Amino acid sequence: MDWNHYRFRSLWPLPAPAPVVYRELERLEDYPLWWPQVREVTRLDDTRAALRFRSLLPYDLTATLREKRRDPAAGVLEVAMSGDMEGRARWTLTPHGTGTLARYDQEVVVRKPLLRRLAVPGRPLFRANHRLMMRAGRRGLAARLRAV
């Protein structure tokens, strides 16, 4: 087992139609407005952005995201990630009652040296840290969608 390899899946029921959710998710530069753990987003060009994340544990992660797929009709946003984490992340949106179910899939290998050294003892904490970040993101986006 590669202790630095992670797969995550989160399901977010959201109170808005898929096209509205999609428009919010495609605006990376607005993430810090509703997702507290996304500390900084810098647009590099039309298809790339640099992000800085920090959840409960006392470390920052930085990553450059490069757009791989942007398909509003299918409700898919997918990026390749490089930096402290290398891999991919994908949003898939589907109608869910009167709202939307946003599915987030991420598969990454951690490259940050400190986290690699702590891979075995830290893995449960890193996974819990990710869950906390995703829960806060879901709450923040749901509140933003209700305000729009």
# chains A, B, ... in the order shown; residues from 1 in each chain; ligands from 1
>>> residues_around(residues="Arg70 (chain A)", least_positions_apart="2", cutoff="10 Å", atoms="only C-alpha atoms", output="list of chain:residue names")
A:Tyr22, A:Glu26, A:Thr47, A:Glu67, A:Lys68, A:Pro72, A:Ala73, A:Ala74, A:Gly75, A:Val76, A:Leu77, A:Glu78, A:Val79, A:Arg90, A:Trp91
>>> residues_around(residues="region 8-10 of chain A", least_positions_apart="4", cutoff="12 Å", atoms="only C-alpha atoms", output="compact mmCIF listing (two decimals) with all heavy atoms, in the first residue's frame")
# COMPACT_ATOMS: atom_id res chain seq x y z
N GLY A 87 -2.52 14.71 -8.83
CA GLY A 87 -3.60 13.79 -9.18
C GLY A 87 -4.71 14.53 -9.89
O GLY A 87 -4.47 15.39 -10.72
N ARG A 88 -5.94 14.21 -9.49
CA ARG A 88 -7.10 14.81 -10.15
C ARG A 88 -8.24 15.01 -9.16
O ARG A 88 -8.30 14.34 -8.11
CB ARG A 88 -7.58 13.95 -11.30
CG ARG A 88 -8.14 12.62 -10.87
CD ARG A 88 -8.80 11.85 -12.00
NE ARG A 88 -9.50 10.70 -11.47
CZ ARG A 88 -10.75 10.74 -11.00
NH1 ARG A 88 -11.42 11.86 -10.99
NH2 ARG A 88 -11.33 9.64 -10.53
N ALA A 89 -9.13 15.92 -9.53
CA ALA A 89 -10.35 16.15 -8.76
C ALA A 89 -11.47 16.38 -9.77
O ALA A 89 -11.25 16.96 -10.84
CB ALA A 89 -10.21 17.34 -7.84
N ARG A 90 -12.67 15.91 -9.40
CA ARG A 90 -13.79 15.99 -10.35
C ARG A 90 -15.10 16.23 -9.60
O ARG A 90 -15.40 15.54 -8.62
CB ARG A 90 -13.88 14.70 -11.13
CG ARG A 90 -15.03 14.62 -12.10
CD ARG A 90 -15.02 13.28 -12.80
NE ARG A 90 -16.20 13.12 -13.61
CZ ARG A 90 -16.17 12.65 -14.84
NH1 ARG A 90 -15.03 12.28 -15.40
NH2 ARG A 90 -17.28 12.53 -15.52
N TRP A 91 -15.85 17.22 -10.07
CA TRP A 91 -17.22 17.45 -9.64
C TRP A 91 -18.14 16.85 -10.69
O TRP A 91 -17.95 17.10 -11.88
CB TRP A 91 -17.54 18.93 -9.53
CG TRP A 91 -16.90 19.67 -8.41
CD1 TRP A 91 -15.83 20.54 -8.49
CD2 TRP A 91 -17.27 19.63 -7.03
NE1 TRP A 91 -15.54 21.02 -7.25
CE2 TRP A 91 -16.40 20.49 -6.33
CE3 TRP A 91 -18.26 18.94 -6.33
CZ2 TRP A 91 -16.50 20.69 -4.96
CZ3 TRP A 91 -18.35 19.13 -4.96
CH2 TRP A 91 -17.48 20.00 -4.29
N THR A 92 -19.17 16.12 -10.24
CA THR A 92 -20.21 15.62 -11.13
C THR A 92 -21.55 15.99 -10.49
O THR A 92 -21.82 15.61 -9.35
CB THR A 92 -20.11 14.09 -11.30
OG1 THR A 92 -18.79 13.75 -11.73
CG2 THR A 92 -21.12 13.60 -12.32
N LEU A 93 -22.36 16.74 -11.22
CA LEU A 93 -23.63 17.24 -10.70
C LEU A 93 -24.79 16.51 -11.34
O LEU A 93 -24.83 16.34 -12.57
CB LEU A 93 -23.76 18.74 -10.98
CG LEU A 93 -22.59 19.60 -10.52
CD1 LEU A 93 -22.82 21.04 -10.90
CD2 LEU A 93 -22.36 19.45 -9.03
N LEU A 101 -27.36 16.94 -6.47
CA LEU A 101 -26.37 16.14 -5.75
C LEU A 101 -25.03 16.39 -6.41
O LEU A 101 -24.85 16.10 -7.60
CB LEU A 101 -26.71 14.65 -5.78
CG LEU A 101 -25.76 13.76 -4.97
CD1 LEU A 101 -25.84 14.12 -3.48
CD2 LEU A 101 -26.08 12.31 -5.19
N ALA A 102 -24.11 16.99 -5.67
CA ALA A 102 -22.76 17.25 -6.17
C ALA A 102 -21.86 16.14 -5.64
O ALA A 102 -21.74 15.96 -4.43
CB ALA A 102 -22.26 18.61 -5.70
N ARG A 103 -21.27 15.41 -6.55
CA ARG A 103 -20.34 14.33 -6.18
C ARG A 103 -18.92 14.82 -6.45
O ARG A 103 -18.62 15.27 -7.56
CB ARG A 103 -20.63 13.09 -7.00
CG ARG A 103 -19.65 11.97 -6.75
CD ARG A 103 -20.08 10.75 -7.54
NE ARG A 103 -18.93 9.90 -7.77
CZ ARG A 103 -19.02 8.70 -8.30
NH1 ARG A 103 -20.19 8.21 -8.65
NH2 ARG A 103 -17.94 7.97 -8.49
N TYR A 104 -18.08 14.75 -5.43
CA TYR A 104 -16.69 15.17 -5.55
C TYR A 104 -15.81 13.94 -5.43
O TYR A 104 -15.87 13.23 -4.42
CB TYR A 104 -16.35 16.18 -4.46
CG TYR A 104 -14.93 16.67 -4.51
CD1 TYR A 104 -14.53 17.63 -5.42
CD2 TYR A 104 -13.97 16.15 -3.63
CE1 TYR A 104 -13.22 18.09 -5.47
CE2 TYR A 104 -12.67 16.61 -3.67
CZ TYR A 104 -12.30 17.57 -4.58
OH TYR A 104 -10.99 18.02 -4.63
N ASP A 105 -15.01 13.67 -6.44
CA ASP A 105 -14.05 12.57 -6.42
C ASP A 105 -12.66 13.15 -6.55
O ASP A 105 -12.42 14.00 -7.43
CB ASP A 105 -14.30 11.61 -7.59
CG ASP A 105 -15.61 10.86 -7.44
OD1 ASP A 105 -15.69 10.02 -6.53
OD2 ASP A 105 -16.54 11.14 -8.21
N GLN A 106 -11.78 12.70 -5.70
CA GLN A 106 -10.39 13.17 -5.74
C GLN A 106 -9.48 11.97 -5.56
O GLN A 106 -9.70 11.14 -4.68
CB GLN A 106 -10.15 14.19 -4.63
CG GLN A 106 -8.75 14.77 -4.62
CD GLN A 106 -8.55 15.76 -3.47
OE1 GLN A 106 -9.10 15.59 -2.39
NE2 GLN A 106 -7.77 16.78 -3.72
N GLU A 107 -8.46 11.90 -6.39
CA GLU A 107 -7.42 10.88 -6.25
C GLU A 107 -6.09 11.59 -6.36
O GLU A 107 -5.80 12.21 -7.38
CB GLU A 107 -7.56 9.80 -7.31
CG GLU A 107 -6.57 8.68 -7.11
CD GLU A 107 -6.84 7.48 -8.00
OE1 GLU A 107 -7.84 7.47 -8.73
OE2 GLU A 107 -6.02 6.55 -7.95
N VAL A 108 -5.30 11.53 -5.28
CA VAL A 108 -4.04 12.26 -5.25
C VAL A 108 -2.95 11.45 -4.56
O VAL A 108 -3.23 10.55 -3.77
CB VAL A 108 -4.18 13.61 -4.50
CG1 VAL A 108 -5.08 14.57 -5.26
CG2 VAL A 108 -4.66 13.43 -3.08
N VAL A 109 -1.74 11.83 -4.86
CA VAL A 109 -0.56 11.38 -4.13
C VAL A 109 0.01 12.62 -3.46
O VAL A 109 0.19 13.66 -4.11
CB VAL A 109 0.49 10.74 -5.06
CG1 VAL A 109 1.76 10.41 -4.30
CG2 VAL A 109 -0.09 9.49 -5.72
N PHE A 126 -5.13 12.86 8.63
CA PHE A 126 -5.22 13.53 7.33
C PHE A 126 -6.59 13.28 6.70
O PHE A 126 -7.20 14.18 6.13
CB PHE A 126 -4.12 13.07 6.38
CG PHE A 126 -2.72 13.32 6.89
CD1 PHE A 126 -1.66 12.54 6.42
CD2 PHE A 126 -2.44 14.29 7.82
CE1 PHE A 126 -0.37 12.76 6.88
CE2 PHE A 126 -1.16 14.52 8.29
CZ PHE A 126 -0.11 13.75 7.81
N ARG A 127 -7.09 12.06 6.83
CA ARG A 127 -8.41 11.74 6.28
C ARG A 127 -9.51 12.50 7.03
O ARG A 127 -10.44 13.03 6.44
CB ARG A 127 -8.66 10.23 6.30
CG ARG A 127 -7.71 9.47 5.33
CD ARG A 127 -8.03 8.00 5.23
NE ARG A 127 -9.30 7.77 4.56
CZ ARG A 127 -9.49 7.82 3.24
NH1 ARG A 127 -8.48 8.09 2.44
NH2 ARG A 127 -10.68 7.59 2.72
N ALA A 128 -9.40 12.56 8.35
CA ALA A 128 -10.37 13.32 9.14
C ALA A 128 -10.31 14.81 8.80
O ALA A 128 -11.34 15.48 8.71
CB ALA A 128 -10.12 13.10 10.64
N ASN A 129 -9.11 15.32 8.61
CA ASN A 129 -8.93 16.72 8.22
C ASN A 129 -9.64 17.01 6.90
O ASN A 129 -10.30 18.04 6.75
CB ASN A 129 -7.42 17.00 8.11
CG ASN A 129 -7.07 18.45 8.17
OD1 ASN A 129 -7.49 19.17 9.07
ND2 ASN A 129 -6.27 18.89 7.21
N HIS A 130 -9.52 16.08 5.96
CA HIS A 130 -10.18 16.24 4.67
C HIS A 130 -11.70 16.22 4.84
O HIS A 130 -12.42 17.03 4.24
CB HIS A 130 -9.73 15.14 3.70
CG HIS A 130 -10.27 15.31 2.33
ND1 HIS A 130 -11.48 14.77 1.93
CD2 HIS A 130 -9.79 15.99 1.27
CE1 HIS A 130 -11.71 15.11 0.68
NE2 HIS A 130 -10.71 15.85 0.25
N ARG A 131 -12.21 15.31 5.67
CA ARG A 131 -13.67 15.24 5.91
C ARG A 131 -14.18 16.56 6.50
O ARG A 131 -15.24 17.05 6.10
CB ARG A 131 -14.02 14.09 6.85
CG ARG A 131 -14.11 12.75 6.14
CD ARG A 131 -14.74 11.67 7.02
NE ARG A 131 -14.07 11.49 8.30
CZ ARG A 131 -12.99 10.72 8.48
NH1 ARG A 131 -12.45 10.07 7.48
NH2 ARG A 131 -12.46 10.60 9.68
N LEU A 132 -13.44 17.13 7.45
CA LEU A 132 -13.85 18.41 8.04
C LEU A 132 -13.87 19.51 6.99
O LEU A 132 -14.78 20.35 6.96
CB LEU A 132 -12.91 18.79 9.19
CG LEU A 132 -13.03 17.94 10.44
CD1 LEU A 132 -11.90 18.27 11.41
CD2 LEU A 132 -14.38 18.16 11.11
N MET A 133 -12.87 19.52 6.14
CA MET A 133 -12.81 20.52 5.08
C MET A 133 -13.99 20.38 4.13
O MET A 133 -14.63 21.37 3.77
CB MET A 133 -11.50 20.39 4.30
CG MET A 133 -11.39 21.36 3.16
SD MET A 133 -9.78 21.23 2.37
CE MET A 133 -10.08 22.25 0.94
N MET A 134 -14.31 19.17 3.75
CA MET A 134 -15.41 18.95 2.82
C MET A 134 -16.75 19.29 3.47
O MET A 134 -17.63 19.87 2.83
CB MET A 134 -15.40 17.50 2.32
CG MET A 134 -14.16 17.15 1.50
SD MET A 134 -13.83 18.26 0.11
CE MET A 134 -15.18 17.84 -0.99
N ARG A 135 -16.92 18.98 4.74
CA ARG A 135 -18.16 19.32 5.43
C ARG A 135 -18.35 20.84 5.47
O ARG A 135 -19.44 21.35 5.21
CB ARG A 135 -18.18 18.73 6.83
CG ARG A 135 -19.49 18.99 7.53
CD ARG A 135 -19.66 18.24 8.81
NE ARG A 135 -18.43 18.16 9.57
CZ ARG A 135 -18.25 17.37 10.61
NH1 ARG A 135 -19.21 16.58 11.01
NH2 ARG A 135 -17.12 17.36 11.25
N ALA A 136 -17.28 21.56 5.76
CA ALA A 136 -17.36 23.02 5.79
C ALA A 136 -17.65 23.58 4.40
O ALA A 136 -18.41 24.55 4.25
CB ALA A 136 -16.07 23.62 6.34
N GLY A 137 -17.07 22.97 3.37
CA GLY A 137 -17.34 23.41 2.00
C GLY A 137 -18.79 23.21 1.62
O GLY A 137 -19.42 24.09 1.02
N ARG A 138 -19.34 22.06 1.97
CA ARG A 138 -20.75 21.79 1.67
C ARG A 138 -21.65 22.81 2.36
O ARG A 138 -22.56 23.38 1.75
CB ARG A 138 -21.15 20.37 2.10
CG ARG A 138 -22.62 20.07 1.81
CD ARG A 138 -23.07 18.73 2.38
NE ARG A 138 -22.79 18.56 3.79
CZ ARG A 138 -23.51 19.09 4.79
NH1 ARG A 138 -24.55 19.84 4.53
NH2 ARG A 138 -23.18 18.86 6.05
>>> residues_around(residues="Asp84 (chain A)", least_positions_apart="4", cutoff="9 Å", atoms="only C-alpha atoms", output="ChimeraX atom specification")
/A:61-64,109-113
>>> write_last_selection(atoms="N, CA, C and O atoms", output="tab-separated table (two decimals), in the first residue's frame")
chain	number	residue	atom	x	y	z
A	61	LEU	N	-1.52	23.40	2.27
A	61	LEU	CA	-1.23	22.67	1.03
A	61	LEU	C	-1.43	23.64	-0.12
A	61	LEU	O	-2.38	24.43	-0.11
A	62	THR	N	-0.52	23.58	-1.08
A	62	THR	CA	-0.68	24.40	-2.28
A	62	THR	C	-0.73	23.47	-3.48
A	62	THR	O	-0.06	22.43	-3.51
A	63	ALA	N	-1.52	23.87	-4.45
A	63	ALA	CA	-1.65	23.06	-5.66
A	63	ALA	C	-1.98	23.97	-6.83
A	63	ALA	O	-2.65	24.99	-6.67
A	64	THR	N	-1.48	23.58	-7.98
A	64	THR	CA	-1.88	24.22	-9.22
A	64	THR	C	-2.90	23.31	-9.87
A	64	THR	O	-2.66	22.11	-10.04
A	109	VAL	N	-1.74	11.83	-4.86
A	109	VAL	CA	-0.56	11.38	-4.13
A	109	VAL	C	0.01	12.62	-3.46
A	109	VAL	O	0.19	13.66	-4.11
A	110	VAL	N	0.23	12.52	-2.16
A	110	VAL	CA	0.76	13.66	-1.42
A	110	VAL	C	2.26	13.76	-1.68
A	110	VAL	O	2.99	12.77	-1.59
A	111	ARG	N	2.72	14.97	-2.01
A	111	ARG	CA	4.14	15.22	-2.29
A	111	ARG	C	4.80	16.09	-1.22
A	111	ARG	O	6.02	16.17	-1.18
A	112	LYS	N	4.03	16.73	-0.38
A	112	LYS	CA	4.59	17.61	0.66
A	112	LYS	C	5.47	16.76	1.58
A	112	LYS	O	4.99	15.80	2.18
A	113	PRO	N	6.76	17.10	1.72
A	113	PRO	CA	7.70	16.26	2.49
A	113	PRO	C	7.25	15.95	3.92
A	113	PRO	O	7.34	14.80	4.35
>>> select_by_dssp(residues="region 18-99 of chain A", states="strand (DSSP E or B)", output="VMD selection string")
chain A and resid 38 to 43 48 to 53 61 to 71 76 to 83 85 to 96 99
>>> write_last_selection(atoms="C-alpha atoms", output="mmCIF file, in the first residue's frame")
data_model
loop_
_atom_site.group_PDB
_atom_site.id
_atom_site.type_symbol
_atom_site.label_atom_id
_atom_site.label_comp_id
_atom_site.auth_asym_id
_atom_site.auth_seq_id
_atom_site.Cartn_x
_atom_site.Cartn_y
_atom_site.Cartn_z
ATOM 1 C CA VAL A 38 -9.674 27.460 0.633
ATOM 2 C CA ARG A 39 -7.484 30.322 1.778
ATOM 3 C CA GLU A 40 -6.294 31.729 -1.521
ATOM 4 C CA VAL A 41 -6.944 31.344 -5.245
ATOM 5 C CA THR A 42 -4.766 32.969 -7.895
ATOM 6 C CA ARG A 43 -5.846 32.677 -11.521
ATOM 7 C CA ARG A 48 -5.005 27.167 -14.543
ATOM 8 C CA ALA A 49 -5.159 28.460 -10.975
ATOM 9 C CA ALA A 50 -2.980 28.209 -7.877
ATOM 10 C CA LEU A 51 -4.794 27.362 -4.633
ATOM 11 C CA ARG A 52 -3.764 27.329 -0.995
ATOM 12 C CA PHE A 53 -5.749 25.152 1.451
ATOM 13 C CA LEU A 61 -1.234 22.669 1.035
ATOM 14 C CA THR A 62 -0.684 24.401 -2.280
ATOM 15 C CA ALA A 63 -1.651 23.057 -5.656
ATOM 16 C CA THR A 64 -1.880 24.215 -9.219
ATOM 17 C CA LEU A 65 -5.125 23.137 -10.853
ATOM 18 C CA ARG A 66 -5.297 22.710 -14.618
ATOM 19 C CA GLU A 67 -8.650 22.325 -16.278
ATOM 20 C CA LYS A 68 -9.126 18.930 -17.926
ATOM 21 C CA ARG A 69 -12.849 18.949 -18.578
ATOM 22 C CA ARG A 70 -15.523 21.626 -18.396
ATOM 23 C CA ASP A 71 -18.882 20.251 -19.527
ATOM 24 C CA VAL A 76 -18.784 17.817 -14.994
ATOM 25 C CA LEU A 77 -15.798 19.887 -13.900
ATOM 26 C CA GLU A 78 -12.458 18.083 -13.739
ATOM 27 C CA VAL A 79 -8.945 19.310 -12.984
ATOM 28 C CA ALA A 80 -5.449 17.889 -12.830
ATOM 29 C CA MET A 81 -3.549 18.826 -9.677
ATOM 30 C CA SER A 82 0.167 19.348 -9.152
ATOM 31 C CA GLY A 83 2.210 20.673 -6.245
ATOM 32 C CA MET A 85 -0.759 16.985 -4.114
ATOM 33 C CA GLU A 86 -0.621 15.411 -7.554
ATOM 34 C CA GLY A 87 -3.599 13.793 -9.185
ATOM 35 C CA ARG A 88 -7.097 14.813 -10.152
ATOM 36 C CA ALA A 89 -10.353 16.147 -8.764
ATOM 37 C CA ARG A 90 -13.792 15.995 -10.348
ATOM 38 C CA TRP A 91 -17.222 17.447 -9.636
ATOM 39 C CA THR A 92 -20.215 15.620 -11.131
ATOM 40 C CA LEU A 93 -23.626 17.236 -10.699
ATOM 41 C CA THR A 94 -26.954 15.433 -11.015
ATOM 42 C CA PRO A 95 -30.526 16.532 -10.281
ATOM 43 C CA HIS A 96 -31.680 15.471 -6.815
ATOM 44 C CA GLY A 99 -31.885 20.524 -5.881
#
>>> atom_distance(atom1="CA of Asp46 (chain A)", atom2="CA of Leu145 (chain A)")
24.6 Å
>>> residues_around(residues="Arg144 (chain A)", least_positions_apart="6", cutoff="12 Å", atoms="only C-alpha atoms", output="PyMOL selection string")
chain A and resi 14-16+20-21+24-25+30-35+137-138
>>> atom_distance(atom1="CA of Tyr6 (chain A)", atom2="CA of Leu44 (chain A)")
26.2 Å
>>> select_by_dssp(residues="region 76-134 of chain A", states="alpha helix (DSSP H)", output="mmCIF file with N, CA and C atoms, in the first residue's frame")
data_model
loop_
_atom_site.group_PDB
_atom_site.id
_atom_site.type_symbol
_atom_site.label_atom_id
_atom_site.label_comp_id
_atom_site.auth_asym_id
_atom_site.auth_seq_id
_atom_site.Cartn_x
_atom_site.Cartn_y
_atom_site.Cartn_z
ATOM 1 N N PRO A 113 6.757 17.103 1.724
ATOM 2 C CA PRO A 113 7.695 16.262 2.487
ATOM 3 C C PRO A 113 7.249 15.946 3.918
ATOM 4 N N LEU A 114 6.763 16.930 4.653
ATOM 5 C CA LEU A 114 6.347 16.673 6.030
ATOM 6 C C LEU A 114 5.235 15.630 6.082
ATOM 7 N N LEU A 115 4.255 15.751 5.203
ATOM 8 C CA LEU A 115 3.144 14.808 5.209
ATOM 9 C C LEU A 115 3.574 13.423 4.747
ATOM 10 N N ARG A 116 4.548 13.372 3.865
ATOM 11 C CA ARG A 116 5.078 12.065 3.440
ATOM 12 C C ARG A 116 5.781 11.367 4.609
ATOM 13 N N ARG A 117 6.535 12.144 5.397
ATOM 14 C CA ARG A 117 7.235 11.550 6.547
ATOM 15 C C ARG A 117 6.253 11.047 7.598
ATOM 16 N N ALA A 119 3.228 9.882 6.954
ATOM 17 C CA ALA A 119 2.180 9.162 6.221
ATOM 18 C C ALA A 119 1.510 8.059 7.038
ATOM 19 N N VAL A 120 2.274 7.216 7.685
ATOM 20 C CA VAL A 120 1.656 6.076 8.382
ATOM 21 C C VAL A 120 0.933 6.524 9.650
ATOM 22 N N PRO A 121 1.599 7.206 10.582
ATOM 23 C CA PRO A 121 0.854 7.579 11.796
ATOM 24 C C PRO A 121 -0.184 8.673 11.546
ATOM 25 N N GLY A 122 0.040 9.511 10.539
ATOM 26 C CA GLY A 122 -0.848 10.640 10.313
ATOM 27 C C GLY A 122 -2.046 10.364 9.432
ATOM 28 N N ARG A 123 -2.045 9.236 8.742
ATOM 29 C CA ARG A 123 -3.104 8.975 7.758
ATOM 30 C C ARG A 123 -4.526 9.155 8.310
ATOM 31 N N PRO A 124 -4.873 8.595 9.468
ATOM 32 C CA PRO A 124 -6.236 8.810 9.976
ATOM 33 C C PRO A 124 -6.541 10.286 10.237
ATOM 34 N N LEU A 125 -5.555 11.032 10.724
ATOM 35 C CA LEU A 125 -5.760 12.459 10.955
ATOM 36 C C LEU A 125 -5.919 13.212 9.642
ATOM 37 N N PHE A 126 -5.127 12.864 8.632
ATOM 38 C CA PHE A 126 -5.224 13.532 7.330
ATOM 39 C C PHE A 126 -6.591 13.281 6.701
ATOM 40 N N ARG A 127 -7.092 12.057 6.833
ATOM 41 C CA ARG A 127 -8.413 11.739 6.276
ATOM 42 C C ARG A 127 -9.510 12.503 7.034
ATOM 43 N N ALA A 128 -9.397 12.560 8.347
ATOM 44 C CA ALA A 128 -10.371 13.318 9.144
ATOM 45 C C ALA A 128 -10.306 14.807 8.805
ATOM 46 N N ASN A 129 -9.113 15.320 8.606
ATOM 47 C CA ASN A 129 -8.927 16.717 8.225
ATOM 48 C C ASN A 129 -9.638 17.009 6.902
ATOM 49 N N HIS A 130 -9.516 16.081 5.960
ATOM 50 C CA HIS A 130 -10.183 16.239 4.667
ATOM 51 C C HIS A 130 -11.704 16.219 4.839
ATOM 52 N N ARG A 131 -12.212 15.309 5.674
ATOM 53 C CA ARG A 131 -13.666 15.243 5.915
ATOM 54 C C ARG A 131 -14.184 16.561 6.502
ATOM 55 N N LEU A 132 -13.442 17.131 7.449
ATOM 56 C CA LEU A 132 -13.846 18.409 8.041
ATOM 57 C C LEU A 132 -13.868 19.514 6.991
ATOM 58 N N MET A 133 -12.866 19.517 6.135
ATOM 59 C CA MET A 133 -12.807 20.522 5.076
ATOM 60 C C MET A 133 -13.995 20.384 4.134
ATOM 61 N N MET A 134 -14.309 19.172 3.753
ATOM 62 C CA MET A 134 -15.410 18.947 2.823
ATOM 63 C C MET A 134 -16.752 19.291 3.474
#
>>> atom_distance(atom1="CA of Thr100 (chain A)", atom2="CA of Ser55 (chain A)")
25.3 Å
>>> closest_residue(among="A:Met1, A:Ala142, A:Leu118, A:Leu57", to="Pro13 (chain A)", atoms="only C-alpha atoms")
A:Ala142
